[in-house]
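Structure file model23.cif; described as mmCIF, C-alpha atoms.
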data_entry
#
loop_
_atom_site.label_atom_id
_atom_site.label_comp_id
_atom_site.auth_asym_id
_atom_site.auth_seq_id
_atom_site.Cartn_x
_atom_site.Cartn_y
_atom_site.Cartn_z
CA MET A 1 0.00 0.00 0.00
CA ALA A 2 1.32 3.43 -0.85
CA ALA A 3 1.17 5.96 1.99
CA SER A 4 -1.21 8.19 0.04
CA ASP A 5 -3.66 5.59 -1.26
CA HIS A 6 -6.98 7.31 -1.67
CA ILE A 7 -10.19 5.34 -1.20
CA LEU A 8 -13.59 6.56 -2.37
CA VAL A 9 -16.51 5.10 -0.43
CA ILE A 10 -19.92 5.36 -2.11
CA ASP A 11 -22.68 4.31 0.27
CA ASP A 12 -25.99 5.91 1.16
CA ASP A 13 -25.75 4.78 4.80
CA PRO A 14 -23.86 7.45 6.77
CA ASP A 15 -22.96 4.88 9.45
CA ILE A 16 -21.15 2.75 6.87
CA CYS A 17 -19.34 5.80 5.45
CA GLN A 18 -18.31 6.71 9.00
CA LEU A 19 -17.18 3.16 9.80
CA VAL A 20 -15.10 2.69 6.66
CA GLY A 21 -13.84 6.27 6.58
CA ASP A 22 -12.67 6.34 10.17
CA PHE A 23 -11.18 2.86 10.14
CA PHE A 24 -9.27 3.38 6.91
CA GLN A 25 -7.96 6.78 7.96
CA LYS A 26 -6.64 5.18 11.13
CA ASN A 27 -4.87 2.69 8.91
CA GLY A 28 -3.11 5.32 6.81
CA PHE A 29 -5.50 5.81 3.90
CA GLN A 30 -6.97 9.00 2.60
CA VAL A 31 -10.75 8.59 2.38
CA THR A 32 -13.47 10.47 0.53
CA THR A 33 -17.11 9.49 1.01
CA ALA A 34 -20.14 10.05 -1.20
CA ASN A 35 -23.72 9.03 -0.49
CA ASN A 36 -24.65 8.43 -4.13
CA GLY A 37 -23.16 7.79 -7.55
CA LYS A 38 -24.05 11.20 -8.99
CA GLY A 39 -21.10 13.33 -9.93
CA LEU A 40 -18.73 10.37 -9.77
CA GLN A 41 -16.98 11.28 -13.02
CA GLU A 42 -16.53 14.86 -11.93
CA LEU A 43 -15.06 13.61 -8.67
CA LEU A 44 -12.70 11.27 -10.49
CA ASP A 45 -11.61 14.11 -12.76
CA ARG A 46 -10.92 16.27 -9.74
CA MET A 47 -8.94 13.86 -7.55
CA LYS A 48 -6.78 10.80 -7.88
CA ILE A 49 -8.67 7.80 -6.53
CA ASP A 50 -6.86 4.49 -6.08
CA LEU A 51 -9.84 2.28 -5.24
CA ILE A 52 -13.60 2.58 -4.94
CA VAL A 53 -15.73 0.83 -2.31
CA LEU A 54 -19.20 0.78 -3.82
CA ASP A 55 -22.57 -0.05 -2.27
CA LEU A 56 -25.07 -1.66 -4.62
CA MET A 57 -28.25 -0.12 -3.24
CA LEU A 58 -27.88 3.57 -3.90
CA PRO A 59 -30.84 5.95 -3.75
CA ASP A 60 -30.49 7.36 -7.25
CA GLU A 61 -28.88 4.59 -9.24
CA ASP A 62 -28.17 0.87 -9.13
CA GLY A 63 -24.59 0.33 -7.97
CA LEU A 64 -24.19 -2.32 -10.67
CA VAL A 65 -24.84 0.30 -13.34
CA VAL A 66 -22.36 2.64 -11.65
CA CYS A 67 -19.82 -0.19 -11.67
CA ARG A 68 -20.40 -1.02 -15.32
CA ASN A 69 -20.18 2.61 -16.43
CA LEU A 70 -17.06 3.11 -14.39
CA ARG A 71 -15.40 0.03 -15.81
CA SER A 72 -16.11 1.15 -19.36
CA ARG A 73 -13.88 4.18 -18.89
CA SER A 74 -11.54 3.44 -16.01
CA ASN A 75 -9.36 0.72 -14.52
CA ILE A 76 -9.75 1.94 -10.94
CA PRO A 77 -10.26 -1.16 -8.77
CA VAL A 78 -13.77 -1.54 -7.35
CA ILE A 79 -14.89 -3.51 -4.32
CA ILE A 80 -18.63 -3.94 -4.03
CA LEU A 81 -20.19 -3.87 -0.59
CA SER A 82 -23.77 -4.91 -0.36
CA ALA A 83 -26.38 -6.16 2.05
CA ARG A 84 -28.20 -7.76 -0.89
CA GLY A 85 -25.73 -10.62 -0.75
CA GLU A 86 -27.63 -12.88 -3.14
CA GLU A 87 -25.41 -15.18 -5.13
CA MET A 88 -26.63 -13.75 -8.42
CA ASP A 89 -25.84 -10.20 -7.25
CA ARG A 90 -22.30 -11.25 -6.48
CA ILE A 91 -21.87 -12.93 -9.84
CA ILE A 92 -23.32 -9.98 -11.72
CA GLY A 93 -21.18 -7.59 -9.66
CA LEU A 94 -18.03 -9.44 -10.65
CA GLU A 95 -19.17 -9.69 -14.24
CA MET A 96 -19.78 -5.95 -14.30
CA GLY A 97 -16.09 -5.57 -13.61
CA ALA A 98 -15.85 -5.36 -9.82
CA ASP A 99 -12.55 -6.63 -8.44
CA ASP A 100 -14.05 -8.08 -5.28
CA TYR A 101 -17.37 -8.37 -3.48
CA LEU A 102 -17.98 -8.30 0.25
CA PRO A 103 -21.46 -8.84 1.65
CA LYS A 104 -22.71 -6.74 4.54
CA PRO A 105 -22.40 -6.96 7.42
CA PHE A 106 -18.65 -7.02 7.18
CA HIS A 107 -15.77 -6.71 9.56
CA PRO A 108 -13.80 -3.53 8.75
CA ARG A 109 -10.54 -5.45 9.15
CA GLU A 110 -11.67 -7.88 6.46
CA LEU A 111 -12.49 -4.99 4.14
CA LEU A 112 -9.06 -3.48 4.89
CA ALA A 113 -7.36 -6.79 4.03
CA ARG A 114 -9.32 -7.04 0.78
CA VAL A 115 -8.54 -3.44 -0.19
CA LYS A 116 -4.83 -4.08 0.35
CA SER A 117 -5.03 -7.32 -1.60
CA VAL A 118 -6.84 -5.72 -4.55
CA LEU A 119 -4.39 -2.80 -4.62
CA ARG A 120 -1.47 -5.22 -4.48
CA ARG A 121 -2.86 -7.20 -7.39
CA ALA A 122 -3.64 -4.09 -9.39
CA ARG A 123 -0.01 -3.06 -9.07
CA ALA A 124 1.52 -6.48 -9.42
CA LEU A 125 1.99 -6.23 -13.16
CA PRO A 126 2.93 -3.30 -15.34
CA GLU A 127 0.19 -1.46 -17.16
CA ASP A 128 1.10 -3.18 -20.42
CA ALA A 129 0.01 -6.52 -18.91
CA CYS A 130 -2.92 -6.59 -21.27
CA GLU A 131 -1.36 -4.71 -24.16
CA ASP A 132 -2.96 -5.02 -27.55
CA ASP A 133 -1.49 -7.99 -29.35
CA SER A 134 -4.49 -8.60 -31.59
CA SER A 135 -2.35 -8.64 -34.73
CA ALA A 136 0.63 -10.47 -33.28
CA HIS A 137 2.29 -13.76 -34.25
CA TYR A 138 4.23 -15.46 -31.49
CA ARG A 139 6.96 -18.04 -32.02
CA PHE A 140 8.30 -20.21 -29.22
CA SER A 141 10.18 -23.52 -29.20
CA GLY A 142 9.20 -24.13 -32.81
CA TRP A 143 5.50 -23.45 -32.16
CA THR A 144 3.55 -20.55 -33.65
CA LEU A 145 0.48 -18.80 -32.33
CA ASP A 146 -1.29 -16.61 -34.83
CA VAL A 147 -3.44 -14.29 -32.71
CA PRO A 148 -5.69 -12.85 -35.47
CA THR A 149 -6.84 -16.32 -36.55
CA ARG A 150 -6.39 -17.86 -33.07
CA GLN A 151 -4.48 -20.72 -34.66
CA LEU A 152 -1.75 -22.64 -32.93
CA TYR A 153 0.72 -24.55 -35.13
CA THR A 154 3.00 -27.33 -33.99
CA PRO A 155 6.71 -27.29 -34.98
CA SER A 156 5.76 -29.58 -37.89
CA GLY A 157 3.03 -27.18 -39.01
CA ASP A 158 -0.05 -29.05 -37.80
CA LYS A 159 -2.97 -26.96 -36.59
CA ILE A 160 -4.00 -27.40 -32.96
CA PHE A 161 -7.45 -26.44 -31.75
CA LEU A 162 -7.51 -24.28 -28.60
CA SER A 163 -10.58 -23.52 -26.53
CA GLY A 164 -11.25 -19.87 -25.70
CA GLY A 165 -9.84 -20.31 -22.20
CA GLU A 166 -6.71 -22.10 -23.41
CA PHE A 167 -6.11 -19.44 -26.06
CA ALA A 168 -6.50 -16.63 -23.50
CA LEU A 169 -4.16 -18.36 -21.07
CA LEU A 170 -1.48 -19.01 -23.69
CA ARG A 171 -1.68 -15.37 -24.77
CA VAL A 172 -1.06 -14.23 -21.20
CA PHE A 173 1.98 -16.50 -20.96
CA LEU A 174 3.32 -15.29 -24.30
CA ASN A 175 2.97 -11.70 -23.10
CA HIS A 176 4.97 -12.54 -19.97
CA PRO A 177 7.52 -15.23 -20.75
CA ASN A 178 10.03 -16.24 -18.09
CA ARG A 179 8.10 -14.49 -15.39
CA VAL A 180 6.30 -16.17 -12.52
CA LEU A 181 2.57 -15.53 -12.73
CA THR A 182 0.32 -16.38 -9.81
CA ARG A 183 -2.94 -18.25 -10.32
CA ASP A 184 -4.71 -15.06 -9.40
CA GLN A 185 -2.89 -13.06 -12.07
CA LEU A 186 -3.46 -15.75 -14.67
CA LEU A 187 -7.17 -15.83 -13.91
CA THR A 188 -7.46 -12.04 -13.85
CA PHE A 189 -5.64 -11.53 -17.15
CA SER A 190 -7.10 -14.47 -19.00
CA HIS A 191 -10.67 -14.34 -17.68
CA GLY A 192 -10.97 -10.91 -16.07
CA ARG A 193 -12.02 -12.28 -12.72
CA GLU A 194 -10.47 -13.19 -9.39
CA ILE A 195 -9.64 -16.52 -7.97
CA GLU A 196 -12.01 -17.98 -5.43
CA PRO A 197 -11.23 -20.40 -2.62
CA TYR A 198 -10.57 -23.88 -3.95
CA ASP A 199 -10.80 -22.51 -7.48
CA ARG A 200 -9.07 -25.03 -9.74
CA THR A 201 -9.95 -23.31 -13.03
CA ILE A 202 -6.38 -22.28 -13.80
CA ASP A 203 -4.83 -25.59 -12.77
CA MET A 204 -7.24 -27.48 -15.01
CA GLN A 205 -6.58 -25.14 -17.93
CA ILE A 206 -2.83 -25.38 -17.40
CA SER A 207 -3.17 -29.14 -17.52
CA ARG A 208 -5.13 -28.98 -20.79
CA LEU A 209 -2.79 -26.41 -22.32
CA ARG A 210 0.21 -28.60 -21.48
CA ARG A 211 -1.47 -31.46 -23.33
CA ARG A 212 -2.04 -29.23 -26.37
CA LEU A 213 1.60 -28.15 -26.28
CA ARG A 214 2.72 -31.77 -25.75
CA ASP A 215 4.44 -30.64 -22.60
CA ASP A 216 5.00 -33.59 -20.25
CA PRO A 217 3.07 -32.71 -17.05
CA LYS A 218 5.53 -34.76 -14.95
CA SER A 219 8.50 -32.85 -16.29
CA PRO A 220 7.20 -29.81 -18.18
CA GLU A 221 9.59 -27.86 -20.34
CA LEU A 222 7.34 -25.00 -21.33
CA ILE A 223 4.86 -24.32 -18.52
CA LYS A 224 6.73 -24.95 -15.29
CA THR A 225 5.09 -25.04 -11.89
CA VAL A 226 6.59 -22.78 -9.26
CA ARG A 227 5.58 -24.34 -5.96
CA SER A 228 3.32 -22.13 -3.79
CA LEU A 229 3.50 -19.32 -6.34
CA GLY A 230 2.09 -20.21 -9.74
CA TYR A 231 3.49 -20.92 -13.18
CA VAL A 232 6.20 -19.65 -15.48
CA PHE A 233 6.32 -19.92 -19.27
CA SER A 234 9.91 -20.92 -19.60
CA THR A 235 11.10 -20.36 -23.14
CA ARG A 236 12.21 -17.63 -25.49
CA VAL A 237 9.26 -15.95 -27.20
CA GLU A 238 9.51 -13.95 -30.42
CA ARG A 239 6.75 -11.66 -31.44
CA THR A 240 6.08 -10.10 -34.80
CA ASP A 241 3.24 -7.76 -35.44
CA ALA A 242 1.37 -7.75 -38.72
CA LYS A 243 0.78 -4.02 -38.38
CA SER A 244 4.53 -3.24 -38.15
CA MET B 1 -12.49 -14.34 -2.64
CA ILE B 2 -16.19 -14.45 -1.99
CA HIS B 3 -17.81 -15.73 1.15
CA THR B 4 -21.34 -16.92 1.48
CA PRO B 5 -23.73 -14.18 2.59
CA GLY B 6 -25.24 -14.52 5.98
CA THR B 7 -22.42 -16.61 7.41
CA PHE B 8 -20.43 -13.73 8.83
CA ARG B 9 -20.78 -13.49 12.56
CA TYR B 10 -18.90 -10.88 14.47
CA PRO B 11 -16.23 -12.80 16.33
CA LEU B 12 -16.53 -10.88 19.56
CA GLU B 13 -19.59 -12.04 21.47
CA PRO B 14 -21.07 -10.44 24.60
CA ILE B 15 -18.96 -11.24 27.63
CA VAL B 16 -21.48 -10.50 30.38
CA GLU B 17 -25.24 -10.62 30.18
CA THR B 18 -27.45 -9.94 33.18
CA LYS B 19 -30.97 -8.65 33.54
CA ASN B 20 -29.77 -5.05 33.52
CA GLN B 21 -26.51 -5.22 31.66
CA LEU B 22 -25.11 -6.50 28.39
CA VAL B 23 -21.40 -5.97 27.90
CA VAL B 24 -20.15 -6.13 24.32
CA LYS B 25 -16.51 -6.19 23.24
CA VAL B 26 -15.72 -3.76 20.43
CA ASP B 27 -12.51 -3.20 18.48
CA ARG B 28 -10.52 -0.35 20.06
CA ASP B 29 -10.04 1.20 16.61
CA LEU B 30 -13.79 1.92 16.60
CA GLU B 31 -13.83 3.67 19.97
CA ASP B 32 -14.26 7.16 18.49
CA ILE B 33 -17.28 6.31 16.39
CA THR B 34 -19.12 3.66 18.42
CA PRO B 35 -20.99 6.07 20.78
CA GLY B 36 -22.26 7.97 17.74
CA TYR B 37 -23.42 4.75 16.14
CA LEU B 38 -25.43 3.78 19.22
CA GLU B 39 -26.87 7.31 19.41
CA ASN B 40 -28.05 6.94 15.81
CA ARG B 41 -29.84 3.73 16.73
CA LYS B 42 -31.58 5.60 19.55
CA LYS B 43 -32.70 8.11 16.91
CA ASP B 44 -34.03 5.16 14.92
CA LEU B 45 -36.09 4.27 17.97
CA LEU B 46 -37.80 7.64 17.67
CA LEU B 47 -38.43 7.22 13.95
CA LEU B 48 -39.67 3.64 14.05
CA PRO B 49 -42.91 4.14 16.04
CA ARG B 50 -43.82 7.03 13.75
CA ALA B 51 -43.24 4.86 10.71
CA VAL B 52 -45.39 2.13 12.30
CA ALA B 53 -48.19 4.60 13.03
CA GLU B 54 -48.10 5.85 9.43
CA LYS B 55 -47.60 2.33 8.04
CA GLU B 56 -44.54 3.56 6.18
CA PHE B 57 -43.21 0.14 5.29
CA GLU B 58 -40.51 1.53 2.98
CA THR B 59 -39.07 3.53 5.87
CA LEU B 60 -39.20 0.50 8.16
CA LYS B 61 -37.53 -1.62 5.51
CA MET B 62 -34.80 0.96 4.92
CA ILE B 63 -34.02 1.31 8.63
CA GLY B 64 -33.93 -2.48 9.03
CA HIS B 65 -31.75 -2.85 5.95
CA ARG B 66 -29.23 -0.33 7.23
CA MET B 67 -29.12 -1.86 10.71
CA LYS B 68 -28.55 -5.26 9.13
CA GLY B 69 -25.68 -3.93 7.04
CA SER B 70 -23.90 -1.93 9.71
CA GLY B 71 -24.50 -3.51 13.15
CA ALA B 72 -22.04 -6.38 13.11
CA GLY B 73 -19.39 -4.22 11.45
CA TYR B 74 -19.38 -2.03 14.53
CA GLY B 75 -19.40 -5.09 16.79
CA PHE B 76 -23.12 -5.34 17.46
CA GLN B 77 -24.26 -8.58 15.94
CA PHE B 78 -27.60 -8.25 17.69
CA ILE B 79 -28.33 -5.02 15.79
CA SER B 80 -27.67 -6.77 12.48
CA ASP B 81 -29.93 -9.63 13.52
CA ILE B 82 -32.74 -7.29 14.57
CA GLY B 83 -32.25 -5.30 11.36
CA THR B 84 -32.67 -8.47 9.30
CA ARG B 85 -35.89 -9.33 11.10
CA LEU B 86 -37.18 -5.77 10.85
CA GLU B 87 -36.52 -5.61 7.11
CA GLN B 88 -38.22 -8.94 6.53
CA ALA B 89 -41.21 -7.99 8.71
CA ALA B 90 -41.58 -4.69 6.83
CA LYS B 91 -41.52 -6.54 3.51
CA ARG B 92 -44.34 -8.79 4.79
CA GLN B 93 -46.09 -5.71 6.27
CA ASP B 94 -46.15 -7.60 9.57
CA LEU B 95 -46.62 -4.80 12.08
CA LYS B 96 -46.78 -7.18 15.03
CA GLU B 97 -43.29 -8.49 14.31
CA VAL B 98 -42.06 -4.94 13.62
CA GLN B 99 -43.30 -3.97 17.08
CA VAL B 100 -41.45 -6.90 18.67
CA CYS B 101 -38.26 -5.82 16.90
CA ILE B 102 -38.62 -2.26 18.15
CA GLU B 103 -39.13 -3.42 21.72
CA GLN B 104 -36.12 -5.74 21.55
CA LEU B 105 -33.95 -3.00 20.04
CA ALA B 106 -35.03 -0.59 22.79
CA ASP B 107 -34.22 -3.16 25.47
CA TYR B 108 -30.83 -3.88 23.90
CA LEU B 109 -29.85 -0.21 23.64
CA ASN B 110 -30.95 0.32 27.19
CA ARG B 111 -28.74 -2.45 28.52
CA VAL B 112 -25.70 -2.47 26.24
CA GLU B 113 -22.34 -1.41 27.61
CA VAL B 114 -19.23 -1.36 25.48
CA VAL B 115 -15.75 -2.54 26.40
CA TYR B 116 -13.00 -1.66 23.92
CA LEU B 117 -10.34 -4.27 23.32
#
Show this structure as C-alpha cells.
Amino acid sequence: MAASDHILVIDDDPDICQLVGDFFQKNGFQVTTANNGKGLQELLDRMKIDLIVLDLMLPDEDGLVVCRNLRSRSNIPVIILSARGEEMDRIIGLEMGADDYLPKPFHPRELLARVKSVLRRARALPEDACEDDSSAHYRFSGWTLDVPTRQLYTPSGDKIFLSGGEFALLRVFLNHPNRVLTRDQLLTFSHGREIEPYDRTIDMQISRLRRRLRDDPKSPELIKTVRSLGYVFSTRVERTDAKS
Amino acid sequence: MIHTPGTFRYPLEPIVETKNQLVVKVDRDLEDITPGYLENRKKDLLLLPRAVAEKEFETLKMIGHRMKGSGAGYGFQFISDIGTRLEQAAKRQDLKEVQVCIEQLADYLNRVEVVYL
C-alpha cells in the first residue's frame, strides 16, 4: 500500500461511510465518502482515486450500473459492498467488472485486508500486462500462435485447436515469458475475474494447455510449476506484429 | 475471494449478560465512532414508532436494511440480527413483528455497555 492511497466510499448509509472512513484513515489511507453515484466522473476528474468501495443499493442509481459505467472508462479497482448478498448479485457484480465483493455486514478489518489485496494485485503487473497484441504472431520452441486467426501450429506445421480459455491463457503466458505468474494473475488476465477459494480453473486449464503443447506434465519444459507461487512460461518468445 | 452471505458473525460475542446489563466487546479502533453509532440507533427508535403509526413500510424496511448492514461491522451482531428481522417484517407488512423488533432493540440499547479491546 502506498502511503497516500486514496479510497472513495460510495454508500448511502452514513454509518457505513463513517465506519469505513474512520477505520481506513486510522490505517493510513486518505478517504473520501459520497452518499450516491451522482457526480462520480466529476469527482474522479478532480482527484486521484486508487480504489472505490461501492454499495449496490444507492438511492439514485443501481450500484451495478455505476460499476459497469465506471469500468467502461476506467481501470480503478472496485470492491462492491452490499447487504443484498444474493449469489446472483455477487456474480453480476463481478461480471460488471468489480474486483471483489464483500457482503454486509462485514468486519472492517476484512475490508481493509481485501482493499490491500486488490491494490497489491492491481499493481503487481505493469500497465502493459494486457497490451494489444491482436495482430501479433508469437513463435516459441518451434510453435507458432497466430493471434488474429487464433491458430496454434506445432513445430511440424499441424494446426491445434484451442478452446477460448486455453487461447486466453497461452496469450497471457506469451505476453509474460520467463516471469512467474500467480494463479490469481493468470485468472485475472485471461478471464478478467479473481480466484475464489478452492478454485481449480487455472490448474485445469494449465493441464489442458500442457497437453495441447505436448508438454510432459511430470516434467514440463514450457509451462513450469513454481511451488506455492504459480506458473512460469519458460522459453524464449519472439513476437512479430502484422501491423509493423 | 467471496464468502457466502449470511455466514459472517462478528467474532466478539457479549462477555457479560445480566438482567440489567449487556457488555459487548468492540474493536478499540472503533472507539471514536461507536458512541455515535449507538446514538443513531436511539434516533431510529424515535423514527420507528412514527413509521409504524403511518404504516410507512418503505421507511421501516430501509431502517432495518441499514441496521442489518452496519450492526455487526461495529461489533453489534444483535443489531444486524434485529435489522434483518425488521426488514423482513416490513416486507411482509407484519406490524406485530415490527413492534417486537422495536421493543427488543429498545431493550438492547438500554442495557448495552461497550468494552473496547
From the list B:Leu22, B:Leu109, B:Ala90, B:Val115, the nearest residue to Glu56 in chain B using all atoms listed in the file is B:Ala90
- request: Specify as a PyMOL selection string each residue included when the PyMOL selection byres ((chain A and resi 238) around 9) is applied to this file.
  value: chain A and resi 137-140+174+236-237+239-240
Write a file of the just-selected residues containing C-alpha atoms, as a short mmCIF file (atom, residue, chain, number, x, y, z; two decimals), keeping the file's coordinate frame.
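Output file selection.cif follows:
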data_model
loop_
_atom_site.label_atom_id
_atom_site.label_comp_id
_atom_site.auth_asym_id
_atom_site.auth_seq_id
_atom_site.Cartn_x
_atom_site.Cartn_y
_atom_site.Cartn_z
CA HIS A 137 2.29 -13.76 -34.25
CA TYR A 138 4.23 -15.46 -31.49
CA ARG A 139 6.96 -18.04 -32.02
CA PHE A 140 8.30 -20.21 -29.22
CA LEU A 174 3.32 -15.29 -24.30
CA ARG A 236 12.21 -17.63 -25.49
CA VAL A 237 9.26 -15.95 -27.20
CA ARG A 239 6.75 -11.66 -31.44
CA THR A 240 6.08 -10.10 -34.80
#
Which residues are close to Asp22 in chain A, i.e. within 9 Å by only C-alpha atoms, leaving aside same-chain residues fewer than 5 positions away? Reply as a VMD selection string. (chain A and resid 17 27 31) or (chain B and resid 29 to 30 32 to 33)
In Å to one decimal, how far is CA of Leu187 in chain A from CA of Asp203 in chain A?
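Here the two named atoms are 10.1 Å from each other.
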CA of Ser74 in chain A sits from CA of His176 in chain A at a separation of 23.3 Å
Of A:Arg227, A:Arg212, A:Arg109, A:Lys104, the one sitting nearest chain B when using only C-alpha atoms is A:Lys104
Val65 in chain A environment, 12 Å, all atoms listed in the file, sequence neighbours closer than 3 positions dropped, as a tab-separated table (two decimals) with C-alpha atoms, keeping the file's coordinate frame:
chain	number	residue	atom	x	y	z
A	37	GLY	CA	-23.16	7.79	-7.55
A	38	LYS	CA	-24.05	11.20	-8.99
A	54	LEU	CA	-19.20	0.78	-3.82
A	55	ASP	CA	-22.57	-0.05	-2.27
A	56	LEU	CA	-25.07	-1.66	-4.62
A	57	MET	CA	-28.25	-0.12	-3.24
A	58	LEU	CA	-27.88	3.57	-3.90
A	60	ASP	CA	-30.49	7.36	-7.25
A	61	GLU	CA	-28.88	4.59	-9.24
A	62	ASP	CA	-28.17	0.87	-9.13
A	68	ARG	CA	-20.40	-1.02	-15.32
A	69	ASN	CA	-20.18	2.61	-16.43
A	70	LEU	CA	-17.06	3.11	-14.39
A	71	ARG	CA	-15.40	0.03	-15.81
A	72	SER	CA	-16.11	1.15	-19.36
A	80	ILE	CA	-18.63	-3.94	-4.03
A	92	ILE	CA	-23.32	-9.98	-11.72
A	93	GLY	CA	-21.18	-7.59	-9.66
A	95	GLU	CA	-19.17	-9.69	-14.24
A	96	MET	CA	-19.78	-5.95	-14.30
A	97	GLY	CA	-16.09	-5.57	-13.61
A	98	ALA	CA	-15.85	-5.36	-9.82
Subject >> Shell around Lys55 in chain B at 10 Å using only C-alpha atoms, local window under 5 positions removed, as a PyMOL selection string >> reply: chain B and resi 49-50+60+90+93+95
Original post:
When the PyMOL selection byres ((chain A and resi 155) around 7) is applied to the file above, which residues end up in the set, as a PyMOL selection string?
Top reply: chain A and resi 142-143+153-154+156-157
Would you put the residues from that selection into a file with C-alpha atoms, as an mmCIF file, in the coordinates of the input?
data_model
loop_
_atom_site.group_PDB
_atom_site.id
_atom_site.type_symbol
_atom_site.label_atom_id
_atom_site.label_comp_id
_atom_site.auth_asym_id
_atom_site.auth_seq_id
_atom_site.Cartn_x
_atom_site.Cartn_y
_atom_site.Cartn_z
ATOM 1 C CA GLY A 142 9.200 -24.130 -32.810
ATOM 2 C CA TRP A 143 5.500 -23.450 -32.160
ATOM 3 C CA TYR A 153 0.720 -24.550 -35.130
ATOM 4 C CA THR A 154 3.000 -27.330 -33.990
ATOM 5 C CA SER A 156 5.760 -29.580 -37.890
ATOM 6 C CA GLY A 157 3.030 -27.180 -39.010
#
How close does each residue of chain A get to chain B, giving the shortest atom pair and distance in Å to one decimal for every residue with an atom at most 10 Å away, counting all atoms listed in the file, sorted by chain and residue number, as a Markdown table?
| residue | atom | partner | partner_atom | distance |
| --- | --- | --- | --- | --- |
| A:Asp12 | CA | B:Arg66 | CA | 9.3 |
| A:Asp13 | CA | B:Arg66 | CA | 6.6 |
| A:Pro14 | CA | B:Arg66 | CA | 9.5 |
| A:Asp15 | CA | B:Tyr37 | CA | 6.7 |
| A:Ile16 | CA | B:Ser70 | CA | 6.1 |
| A:Cys17 | CA | B:Ser70 | CA | 9.9 |
| A:Gln18 | CA | B:Ile33 | CA | 7.5 |
| A:Leu19 | CA | B:Ile33 | CA | 7.3 |
| A:Val20 | CA | B:Gly73 | CA | 9.4 |
| A:Asp22 | CA | B:Ile33 | CA | 7.7 |
| A:Phe23 | CA | B:Asp29 | CA | 6.8 |
| A:Phe24 | CA | B:Asp29 | CA | 10.0 |
| A:Lys26 | CA | B:Asp29 | CA | 7.6 |
| A:Asn27 | CA | B:Asp29 | CA | 9.4 |
| A:Leu81 | CA | B:Gly69 | CA | 9.4 |
| A:Ser82 | CA | B:Gly69 | CA | 7.7 |
| A:Ala83 | CA | B:Gly69 | CA | 5.5 |
| A:Arg84 | CA | B:Pro5 | CA | 8.6 |
| A:Gly85 | CA | B:Pro5 | CA | 5.3 |
| A:Glu86 | CA | B:Pro5 | CA | 7.1 |
| A:Glu87 | CA | B:Thr4 | CA | 8.0 |
| A:Arg90 | CA | B:Ile2 | CA | 8.2 |
| A:Ile91 | CA | B:Ile2 | CA | 9.8 |
| A:Asp99 | CA | B:Met1 | CA | 9.6 |
| A:Asp100 | CA | B:Met1 | CA | 7.0 |
| A:Tyr101 | CA | B:Ile2 | CA | 6.4 |
| A:Leu102 | CA | B:Ile2 | CA | 6.8 |
| A:Pro103 | CA | B:Pro5 | CA | 5.9 |
| A:Lys104 | CA | B:Gly69 | CA | 4.8 |
| A:Pro105 | CA | B:Gly69 | CA | 4.5 |
| A:Phe106 | CA | B:Gly73 | CA | 5.2 |
| A:His107 | CA | B:Gly73 | CA | 4.8 |
| A:Pro108 | CA | B:Gly73 | CA | 6.2 |
| A:Arg109 | CA | B:Gly73 | CA | 9.2 |
| A:Glu110 | CA | B:Gly73 | CA | 9.9 |
| A:Arg114 | CA | B:Met1 | CA | 8.7 |
| A:Glu194 | CA | B:Met1 | CA | 7.1 |
| A:Ile195 | CA | B:Met1 | CA | 6.4 |
| A:Glu196 | CA | B:Met1 | CA | 4.6 |
| A:Pro197 | CA | B:Met1 | CA | 6.2 |
| A:Tyr198 | CA | B:Met1 | CA | 9.8 |
| A:Asp199 | CA | B:Met1 | CA | 9.6 |
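Residues within 12 Å of Met47 in chain A, counting only C-alpha atoms and excluding same-chain residues fewer than 3 positions away, are Asp5, His6, Ile7, Leu8, Gln30, Val31, Thr32, Leu40, Gln41, Glu42, Leu43, Leu44, Asp50 and Leu51 of chain A.
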Using the chain letters and numbering of this document, enumerate as a compact mmCIF listing (two decimals) with C-alpha atoms, keeping the file's coordinate frame the residues selected by the PyMOL selection byres ((chain A and resi 9) around 6).
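Result file is out-v2.txt:
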# COMPACT_ATOMS: atom_id res chain seq x y z
CA LEU A 8 -13.59 6.56 -2.37
CA ILE A 10 -19.92 5.36 -2.11
CA THR A 33 -17.11 9.49 1.01
CA ILE A 52 -13.60 2.58 -4.94
CA VAL A 53 -15.73 0.83 -2.31
Exercise. Taking (-5.8, -22.2, -18.1) in the file's coordinates, which residues come within 6 Å, counting all atoms listed in the file, written as a ChimeraX atom specification?
Worked result: /A:166,169,202,205-206
Since we have the selection now, will you write its residues out, keeping C-alpha atoms, as a compact mmCIF listing (two decimals), in the frame of the given file?
# COMPACT_ATOMS: atom_id res chain seq x y z
CA GLU A 166 -6.71 -22.10 -23.41
CA LEU A 169 -4.16 -18.36 -21.07
CA ILE A 202 -6.38 -22.28 -13.80
CA GLN A 205 -6.58 -25.14 -17.93
CA ILE A 206 -2.83 -25.38 -17.40
